[in-house]
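Structure file entry.txt (compact mmCIF, C-alpha atoms) is printed below.
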```txt
# COMPACT_ATOMS: atom_id res chain seq x y z
CA MET U 9 89.31 105.13 97.57
CA THR U 10 90.04 107.55 100.38
CA ALA U 11 91.86 110.86 100.11
CA THR U 12 95.64 111.05 100.07
CA THR U 13 97.96 114.03 100.03
CA SER U 14 98.50 113.54 96.29
CA GLN U 15 94.81 113.34 95.37
CA THR U 16 92.25 116.09 95.29
CA ASN U 17 88.61 115.41 96.12
CA ARG U 18 87.78 115.81 92.46
CA GLU U 19 90.35 113.20 91.44
CA ILE U 20 88.93 110.83 94.03
CA GLU U 21 85.41 111.35 92.67
CA HIS U 22 86.68 110.69 89.16
CA GLY U 23 88.20 107.42 90.36
CA TYR U 24 84.90 106.36 91.94
CA PHE U 25 83.02 107.20 88.76
CA GLU U 26 85.40 105.38 86.44
CA GLN U 27 84.92 102.21 88.50
CA PHE U 28 81.17 102.72 88.55
CA ARG U 29 80.79 103.25 84.79
CA ASN U 30 82.52 99.91 84.15
CA LEU U 31 79.74 98.17 86.08
CA TYR U 32 76.61 100.19 85.41
CA GLU U 33 75.08 101.21 82.10
CA LEU U 34 75.07 104.96 81.59
CA PRO U 35 72.85 106.90 79.19
CA PRO U 36 74.37 107.10 75.67
CA GLY U 37 76.75 109.99 75.18
CA CYS U 38 80.14 111.48 75.92
CA VAL U 39 81.26 111.66 79.55
CA CYS U 40 82.62 115.03 80.65
CA TYR U 41 83.85 115.91 84.13
CA GLU U 42 82.46 119.20 85.41
CA ASP U 43 81.70 120.73 88.80
CA LYS U 44 77.97 121.25 89.43
CA PRO U 45 77.02 118.52 88.78
CA ASP U 46 80.21 116.47 88.86
CA VAL U 47 79.67 114.58 85.59
CA LEU U 48 77.79 115.38 82.39
CA VAL U 49 76.80 112.64 79.93
CA LYS U 50 76.18 114.49 76.67
CA GLY U 51 74.13 112.53 74.17
CA PRO U 52 70.55 112.55 72.90
CA ARG U 53 69.84 113.89 76.37
CA THR U 54 72.27 115.63 78.69
CA VAL U 55 72.29 113.82 82.01
CA GLY U 56 74.06 115.42 84.96
CA ILE U 57 75.41 113.09 87.65
CA GLU U 58 76.15 114.45 91.12
CA ILE U 59 78.54 112.36 93.26
CA THR U 60 78.47 112.32 97.06
CA ASN U 61 79.71 110.08 99.87
CA PHE U 62 77.42 108.28 102.29
CA TYR U 63 78.74 109.22 105.72
CA SER U 64 76.92 107.37 108.48
CA GLN U 65 76.65 110.62 110.41
CA SER U 66 76.66 114.21 109.30
CA GLY U 67 80.02 115.91 109.69
CA THR U 68 78.28 118.50 111.85
CA ASN U 69 77.80 115.87 114.58
CA GLU U 70 80.38 116.09 117.36
CA GLY U 71 80.86 112.33 117.49
CA SER U 72 81.12 111.75 113.73
CA GLU U 73 84.22 109.99 112.45
CA GLN U 74 84.87 112.97 110.17
CA ARG U 75 85.37 115.18 113.24
CA GLN U 76 86.88 112.66 115.64
CA ARG U 77 89.57 111.27 113.34
CA PRO U 78 91.59 114.52 113.05
CA ARG U 79 91.08 115.25 116.75
CA ARG U 80 92.48 111.87 117.76
CA TYR U 81 95.49 112.45 115.55
CA GLU U 82 95.99 115.94 117.01
CA VAL U 83 95.75 114.66 120.59
CA LEU U 84 98.29 111.88 119.99
CA SER U 85 100.68 114.17 118.12
CA ASN U 86 100.57 116.94 120.71
CA ALA U 87 100.79 114.54 123.66
CA HIS U 88 103.83 112.81 122.18
CA ARG U 89 105.54 116.12 121.49
CA GLN U 90 104.90 117.35 125.05
CA TYR U 91 106.11 114.08 126.54
CA LEU U 92 109.36 114.12 124.53
CA ALA U 93 109.99 117.74 125.46
CA ALA U 94 109.72 116.86 129.16
CA ARG U 95 111.17 113.31 129.31
CA GLY U 96 112.88 112.40 126.06
CA LYS U 97 112.35 108.63 126.35
CA GLY U 98 111.72 106.50 123.29
CA ILE U 99 108.62 104.69 124.56
CA GLU U 100 105.70 103.94 122.28
CA LEU U 101 102.00 104.14 123.09
CA THR U 102 99.11 102.55 121.24
CA VAL U 103 95.95 104.38 122.26
CA GLU U 104 92.44 103.04 121.66
CA PHE U 105 89.80 105.76 121.89
CA GLU U 106 86.33 105.39 123.41
CA PHE U 107 83.79 106.06 120.67
CA SER U 108 80.96 106.61 123.16
CA CYS U 109 82.82 109.62 124.56
CA PRO U 110 83.87 111.89 121.67
CA ILE U 111 86.73 114.34 122.00
CA THR U 112 85.26 117.83 122.14
CA SER U 113 87.00 120.86 120.74
CA ALA U 114 87.45 122.19 124.27
CA ARG U 115 89.04 118.93 125.48
CA LYS U 116 91.65 118.47 122.74
CA ARG U 117 94.40 120.49 124.38
CA ILE U 118 93.69 119.27 127.91
CA LEU U 119 93.49 115.63 126.85
CA ALA U 120 96.88 115.88 125.14
CA GLN U 121 98.37 117.27 128.35
CA GLU U 122 96.75 114.53 130.43
CA LEU U 123 97.97 111.81 128.10
CA ALA U 124 101.53 113.19 128.15
CA ALA U 125 101.43 113.31 131.96
CA PHE U 126 100.11 109.74 132.15
CA ALA U 127 102.89 108.52 129.87
CA ALA U 128 105.46 110.16 132.13
CA SER U 129 103.94 108.42 135.15
CA VAL U 130 104.19 104.92 133.64
CA ASP U 131 107.19 105.04 131.31
CA SER U 132 109.39 103.12 133.75
CA ARG U 133 106.90 100.30 134.16
CA PRO U 134 107.04 97.04 132.18
CA SER U 135 105.39 96.98 128.78
CA GLY U 136 101.71 96.19 128.96
CA ALA U 137 98.13 97.41 128.82
CA PHE U 138 96.38 100.03 130.92
CA TYR U 139 92.62 100.41 131.22
CA PRO U 140 90.25 103.20 132.41
CA ASN U 141 90.74 102.48 136.11
CA SER U 142 94.36 103.59 135.57
CA PHE U 143 93.36 106.89 133.98
CA PRO U 144 89.85 107.83 135.23
CA GLY U 145 90.32 111.44 134.17
CA MET U 146 90.47 110.54 130.47
CA PRO U 147 87.03 109.12 129.55
CA GLU U 148 87.79 109.60 125.84
CA ILE U 149 90.35 106.78 126.02
CA LYS U 150 89.46 103.08 126.20
CA SER U 151 92.89 101.51 126.60
CA ILE U 152 96.60 102.29 126.33
CA TRP U 153 99.35 99.83 125.45
CA LEU U 154 102.85 100.78 126.60
CA SER U 155 106.01 99.56 124.92
CA ASN U 156 108.83 100.73 127.18
CA LYS U 157 111.63 99.80 124.79
CA ASP U 158 113.80 102.80 123.89
CA TRP U 159 112.82 103.06 120.22
CA ASP U 160 114.93 105.11 117.80
CA SER U 161 111.86 106.57 116.12
CA PRO U 162 109.02 106.07 118.60
CA LYS U 163 105.42 106.42 117.46
CA TRP U 164 102.23 107.02 119.35
CA VAL U 165 99.40 105.57 117.31
CA ARG U 166 95.88 104.27 117.26
CA PRO U 167 95.42 100.54 116.68
CA ARG U 168 93.76 99.26 113.57
CA GLN U 169 90.21 99.00 114.83
CA VAL U 170 87.31 96.85 113.67
CA PHE U 171 84.11 98.81 113.31
CA SER U 172 80.78 97.05 113.58
CA TYR U 173 78.15 98.30 111.21
CA GLU U 174 74.64 97.48 110.17
CA GLU U 175 72.53 97.95 107.10
CA MET U 176 72.50 101.58 106.07
CA SER U 177 70.01 103.97 107.60
CA ALA U 178 67.17 104.95 105.29
CA GLY U 179 66.69 108.10 107.35
CA ARG U 180 70.32 109.14 106.90
CA LEU U 181 70.10 108.43 103.16
CA LYS U 182 67.03 110.65 102.89
CA GLU U 183 68.96 113.45 104.63
CA ILE U 184 71.75 113.15 102.07
CA ILE U 185 69.29 113.20 99.17
CA LEU U 186 67.42 116.21 100.54
CA ASP U 187 70.69 118.07 101.01
CA LYS U 188 71.67 117.47 97.39
CA GLU U 189 68.19 118.36 96.16
CA SER U 190 68.44 121.70 97.97
CA LYS U 191 71.53 122.53 95.90
CA ALA U 192 70.11 121.53 92.54
CA ALA U 193 69.38 125.14 91.57
CA ASN U 194 73.14 125.61 91.21
CA TYR U 195 73.54 122.73 88.75
CA ALA U 196 74.21 123.37 85.08
CA PRO U 197 71.06 122.94 82.92
CA CYS U 198 70.49 119.27 82.04
CA ASP U 199 67.63 117.17 80.71
CA ALA U 200 67.84 114.96 83.81
CA PHE U 201 69.94 114.46 86.93
CA TRP U 202 71.24 111.36 88.66
CA LEU U 203 72.66 111.08 92.18
CA LEU U 204 75.52 108.63 92.72
CA VAL U 205 76.05 107.89 96.43
CA ILE U 206 79.41 106.31 97.27
CA VAL U 207 80.01 104.03 100.26
CA ASP U 208 83.78 103.78 100.67
CA TRP U 209 84.48 100.75 102.88
CA LYS U 210 88.05 101.96 103.51
CA ASP U 211 86.68 104.89 105.47
CA ALA U 212 85.25 103.96 108.88
CA ALA U 213 82.94 106.97 108.67
CA GLN U 214 81.22 105.42 105.65
CA ASP U 215 81.53 101.64 105.80
CA GLN U 216 78.11 100.00 106.01
CA GLU U 217 75.95 97.39 104.34
CA ILE U 218 74.10 98.85 101.38
CA THR U 219 71.40 96.19 101.08
CA THR U 220 68.23 98.27 100.83
CA SER U 221 65.60 95.47 101.02
CA GLY U 222 63.46 97.04 98.33
CA LEU U 223 63.85 100.58 99.67
CA LYS U 224 62.50 103.20 97.28
CA ILE U 225 62.96 106.91 97.90
CA PRO U 226 61.05 109.35 95.67
CA SER U 227 62.80 112.45 94.35
CA ASN U 228 61.52 115.51 92.50
CA VAL U 229 65.04 116.33 91.31
CA PHE U 230 66.89 113.12 90.54
CA GLU U 231 65.72 110.81 87.81
CA LYS U 232 67.81 108.04 89.35
CA ILE U 233 69.53 107.53 92.71
CA VAL U 234 72.20 104.83 92.84
CA ILE U 235 74.33 103.65 95.76
CA TYR U 236 77.70 102.15 94.92
CA LYS U 237 80.26 100.41 97.16
CA PRO U 238 83.62 100.30 95.33
CA GLY U 239 85.80 97.28 95.96
CA PHE U 240 82.79 95.09 96.68
CA GLU U 241 81.16 96.08 93.37
CA GLU U 242 77.81 96.37 95.12
CA ILE U 243 75.16 98.58 93.57
CA ALA U 244 71.66 99.41 94.80
CA VAL U 245 69.12 101.61 93.03
CA VAL U 246 66.72 103.41 95.36
CA HIS U 247 65.02 105.60 92.78
CA PRO U 248 63.02 105.05 90.70
```
Rewritten as structure tokens:
Amino acid sequence: MTATTSQTNREIEHGYFEQFRNLYELPPGCVCYEDKPDVLVKGPRTVGIEITNFYSQSGTNEGSEQRQRPRRYEVLSNAHRQYLAARGKGIELTVEFEFSCPITSARKRILAQELAAFAASVDSRPSGAFYPNSFPGMPEIKSIWLSNKDWDSPKWVRPRQVFSYEEMSAGRLKEIILDKESKAANYAPCDAFWLLVIVDWKDAAQDQEITTSGLKIPSNVFEKIVIYKPGFEEIAVVHP
């Protein structure tokens, strides 16, 4: 369940948790949605459950999907707007980006200009594909497909891309756990804490295999650490 304009992050987390609780036995008690931690199970013991997403890379990394996704959208949107302002043709472009060459903050504006200029240089050619030898100055782009039909409502888009992924990184998981442990002082008082780590396969920044092959990660804060992949109904416990 990825974010939409009509859903807040909290509503999304609640959706994850409601799916999870139908599959995994919780401690006895009443479930209450809070903030820090995200869920309280109030029973013989009060158990606080913090919910977080398992991004393959930290959002602080330049090449992370969390950073690149909005930049790609911004580049395409700005390039299309500039092209229409200068040429006004109804062509469509499908642009595949090169993941090994992330779009930097400094390059966003320039890349949009370059893409608009490239479109203007080829918009009279037959429909077809262009590859890096046709646009050597744009290393952030892997391929461009031109449709030179005069569309009424032309769109410049990214293709639906298939992402290859491997079994999740134990090192990255440990980083996520340590980050949450460092914030535990801000949690409401509870008898115990759990950490629920979500892998949302619909988000390319998260999708990965969660098979842990017996991985166990100790924690001085969380009584239990559970990884859950909604949609596939896969669950892995890494602590205790």
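From atom CA of Trp159 of chain U back to atom CA of Gly145 of chain U, the distance works out to 27.8 Å.
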### Summary
Counting only C-alpha atoms, closest pick from U:Lys182, U:Lys163, U:Arg115, U:Lys191 relative to Pro226 of chain U is U:Lys182
### Message
Calculated over only C-alpha atoms, which of the candidates U:Ile111, U:Val103, U:Leu123, U:Leu186 has the smallest distance to Leu154 of chain U?
### Response
U:Val103
Between segment 153-213 of chain U and segment 34-49 of chain U, at 10 Å or less, what are the per-residue closest atom pairs and their distances in Å? Count only C-alpha atoms, order by chain and rising residue number, and return it as a Markdown table.
```
| residue | atom | partner | partner_atom | distance |
| --- | --- | --- | --- | --- |
| U:Lys191 | CA | U:Lys44 | CA | 9.2 |
| U:Ala192 | CA | U:Pro45 | CA | 8.4 |
| U:Ala193 | CA | U:Lys44 | CA | 9.7 |
| U:Asn194 | CA | U:Lys44 | CA | 6.7 |
| U:Tyr195 | CA | U:Lys44 | CA | 4.7 |
| U:Ala196 | CA | U:Lys44 | CA | 6.1 |
| U:Pro197 | CA | U:Pro45 | CA | 9.5 |
| U:Cys198 | CA | U:Leu48 | CA | 8.3 |
| U:Phe201 | CA | U:Pro45 | CA | 8.4 |
| U:Trp202 | CA | U:Pro45 | CA | 9.2 |
| U:Leu203 | CA | U:Pro45 | CA | 9.3 |
| U:Leu204 | CA | U:Asp46 | CA | 9.9 |
```
### Straight-line distance linking atom CA of Trp209 of chain U with atom CA of Tyr63 of chain U, stated in Å to one decimal
10.6 Å
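Between atom CA of Asn156 of chain U and atom CA of Glu100 of chain U there is a distance of 6.6 Å.
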### Query
Near Val245 of chain U, within 8 Å and counting only C-alpha atoms, which residues show up once chain neighbours fewer than 3 positions away are dropped, as a PyMOL selection string?
chain U and resi 232-235+248
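Using only C-alpha atoms, the nearest neighbour of Arg53 of chain U within the list U:Met146, U:Ala200, U:Ala87, U:Ala178 is U:Ala200.
The list of residues with at least one atom within 9 Å of Gln121 of chain U, based on only C-alpha atoms and without residues fewer than 3 positions apart in the same chain, reads U:Val83, U:Asn86, U:Ala87, U:Gln90, U:Tyr91, U:Lys116, U:Arg117, U:Ile118, U:Ala124, U:Ala125, U:Phe126.
Distances from U:Phe138, U:Tyr81, U:Phe143, U:Phe230 to Trp164 of chain U were compared using all atoms listed in the file, and the smallest one belongs to U:Tyr81.
Distance annotation: of U:Glu82, U:Glu73, U:Asp208, U:Glu189, the residue with the minimal separation from Leu119 of chain U is U:Glu82; atom set is all atoms listed in the file.
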### Query
From the list U:Leu31, U:Ala127, U:Val246, U:Ile59, which residue is nearest Leu92 of chain U when using all atoms listed in the file?
U:Ala127
### Task
For Cys109 of chain U, please output as JSON, numbers by chain all residues within 9 Å (counting all atoms listed in the file; exclusion window: fewer than 4 positions along the same chain).
{"U": [71, 105, 147, 148, 149]}
